[in-house]
file input.txt (compact mmCIF, C-alpha atoms and all ligand atoms)
# COMPACT_ATOMS: atom_id res chain seq x y z
CA MET S 1 86.60 98.06 139.74
CA SER S 2 84.52 95.66 137.67
CA LYS S 3 85.96 92.23 137.23
CA ASP S 4 84.84 89.13 135.42
CA ARG S 5 83.49 86.51 137.78
CA ASP S 6 85.74 83.95 136.12
CA PHE S 7 88.70 85.80 137.55
CA GLU S 8 87.56 85.88 141.16
CA GLY S 9 90.19 84.43 143.43
CA VAL S 10 93.09 85.45 141.21
CA VAL S 11 95.89 86.67 143.39
CA CYS S 12 99.23 88.23 142.61
CA PRO S 13 102.04 85.65 142.82
CA HIS S 14 104.34 88.27 144.26
CA CYS S 15 102.32 89.93 147.00
CA GLN S 16 99.18 87.75 147.14
CA SER S 17 96.95 90.74 146.52
CA ASP S 18 93.60 90.18 144.81
CA ASN S 19 93.60 93.77 143.63
CA ASN S 20 94.43 92.92 140.02
CA GLU S 21 93.33 94.18 136.64
CA VAL S 22 93.14 92.35 133.33
CA LEU S 23 95.63 93.64 130.78
CA SER S 24 94.90 91.08 128.08
CA LEU S 25 92.56 88.12 127.76
CA PHE S 26 95.22 86.36 125.73
CA GLY S 27 98.66 86.57 127.25
CA GLY S 28 101.35 84.09 126.30
CA SER S 29 98.78 81.72 124.86
CA SER S 30 95.04 81.46 124.29
CA SER S 31 94.56 79.79 127.65
CA GLU S 32 96.25 82.52 129.61
CA VAL S 33 95.08 85.86 130.88
CA LEU S 34 97.58 88.62 131.48
CA PHE S 35 96.99 90.45 134.74
CA LYS S 36 98.62 93.40 136.36
CA CYS S 37 98.70 93.69 140.11
CA SER S 38 97.48 97.11 141.22
CA ASP S 39 99.44 96.90 144.44
CA CYS S 40 102.95 96.02 143.25
CA ASP S 41 102.58 96.85 139.52
CA THR S 42 103.72 93.39 138.48
CA CYS S 43 102.35 91.67 135.40
CA PHE S 44 101.58 87.98 135.57
CA ASN S 45 99.85 85.32 133.55
CA TRP S 46 96.97 83.31 134.89
CA LEU S 47 95.76 80.09 133.34
CA LYS S 48 92.01 80.24 132.90
CA TRP S 49 91.55 76.54 132.95
CA ARG S 50 93.59 75.78 136.04
CA GLY S 51 93.73 78.88 138.14
CA ALA S 52 97.38 78.09 138.69
CA LEU S 53 100.63 79.70 137.70
CA PRO S 54 103.38 77.77 135.96
CA THR S 55 106.97 78.63 136.74
CA SER S 56 107.38 80.12 133.28
CA ALA S 57 104.68 82.67 134.01
CA LEU S 58 106.51 83.83 137.09
CA ASP S 59 109.68 84.19 135.10
CA TYR S 60 107.83 86.11 132.44
CA ALA S 61 106.28 88.44 134.96
CA LYS S 62 109.67 89.11 136.49
CA GLU S 63 111.30 89.86 133.16
CA ASN S 64 108.39 91.97 132.05
CA SER S 65 108.47 93.97 135.25
CA ASP S 66 112.21 94.56 135.08
CA ALA S 67 112.28 95.44 131.40
CA GLN S 68 109.27 97.69 131.07
CA GLY S 69 107.50 98.69 134.24
CA PRO S 70 104.28 100.69 134.00
CA THR S 71 103.82 102.25 130.57
CA SER S 72 100.99 104.62 131.36
ZN ZN C 101 101.27 92.23 143.62
call {"tool": "encode", "arguments": {"input": "input.txt", "output": "structure tokens", "more": "lines below"}}
Ligand SMILES: [Zn+2]
result
Amino acid sequence: MSKDRDFEGVVCPHCQSDNNEVLSLFGGSSSEVLFKCSDCDTCFNWLKWRGALPTSALDYAKENSDAQGPTS
């Protein structure tokens, strides 16, 4: 998998895996990147400028996972 160096160290908030793929460079806002964990299939937002996850992102990921699941 090729991954942008800027995203090194991004880990899944649910299972702490670093095996993630970028779904969208602009998730909830222009400063967020939407990731999907390849291990637990959970989507989560990552803030480019902080490398930290706000509580709202965790809630979003949870809702997104419950409502949709993998679409492919
Ligand atoms: Zn995960």
call {"tool": "closest_atom_pairs", "arguments": {"input": "input.txt", "of": "chain S", "to": "ligand ZN 101 (chain C)", "cutoff": "7 Å", "atoms": "all atoms listed in the file", "output": "JSON lines"}}
result
{"residue": "S:Cys12", "atom": "CA", "partner": "C:ZN101", "partner_atom": "ZN", "distance": 4.6}
{"residue": "S:Pro13", "atom": "CA", "partner": "C:ZN101", "partner_atom": "ZN", "distance": 6.7}
{"residue": "S:His14", "atom": "CA", "partner": "C:ZN101", "partner_atom": "ZN", "distance": 5.1}
{"residue": "S:Cys15", "atom": "CA", "partner": "C:ZN101", "partner_atom": "ZN", "distance": 4.2}
{"residue": "S:Gln16", "atom": "CA", "partner": "C:ZN101", "partner_atom": "ZN", "distance": 6.1}
{"residue": "S:Ser17", "atom": "CA", "partner": "C:ZN101", "partner_atom": "ZN", "distance": 5.4}
{"residue": "S:Cys37", "atom": "CA", "partner": "C:ZN101", "partner_atom": "ZN", "distance": 4.6}
{"residue": "S:Ser38", "atom": "CA", "partner": "C:ZN101", "partner_atom": "ZN", "distance": 6.6}
{"residue": "S:Asp39", "atom": "CA", "partner": "C:ZN101", "partner_atom": "ZN", "distance": 5.1}
{"residue": "S:Cys40", "atom": "CA", "partner": "C:ZN101", "partner_atom": "ZN", "distance": 4.2}
{"residue": "S:Asp41", "atom": "CA", "partner": "C:ZN101", "partner_atom": "ZN", "distance": 6.3}
{"residue": "S:Thr42", "atom": "CA", "partner": "C:ZN101", "partner_atom": "ZN", "distance": 5.8}
call {"tool": "atom_distance", "arguments": {"input": "input.txt", "atom1": "atom CA of S:Ser30", "atom2": "atom CA of S:Gly9"}}
result
20.0 Å
call {"tool": "atom_distance", "arguments": {"input": "input.txt", "atom1": "atom CA of S:Val10", "atom2": "atom CA of S:Ser24"}}
result
14.4 Å
call {"tool": "atom_distance", "arguments": {"input": "input.txt", "atom1": "atom CA of S:Ser31", "atom2": "atom CA of S:Asp18"}}
result
20.1 Å
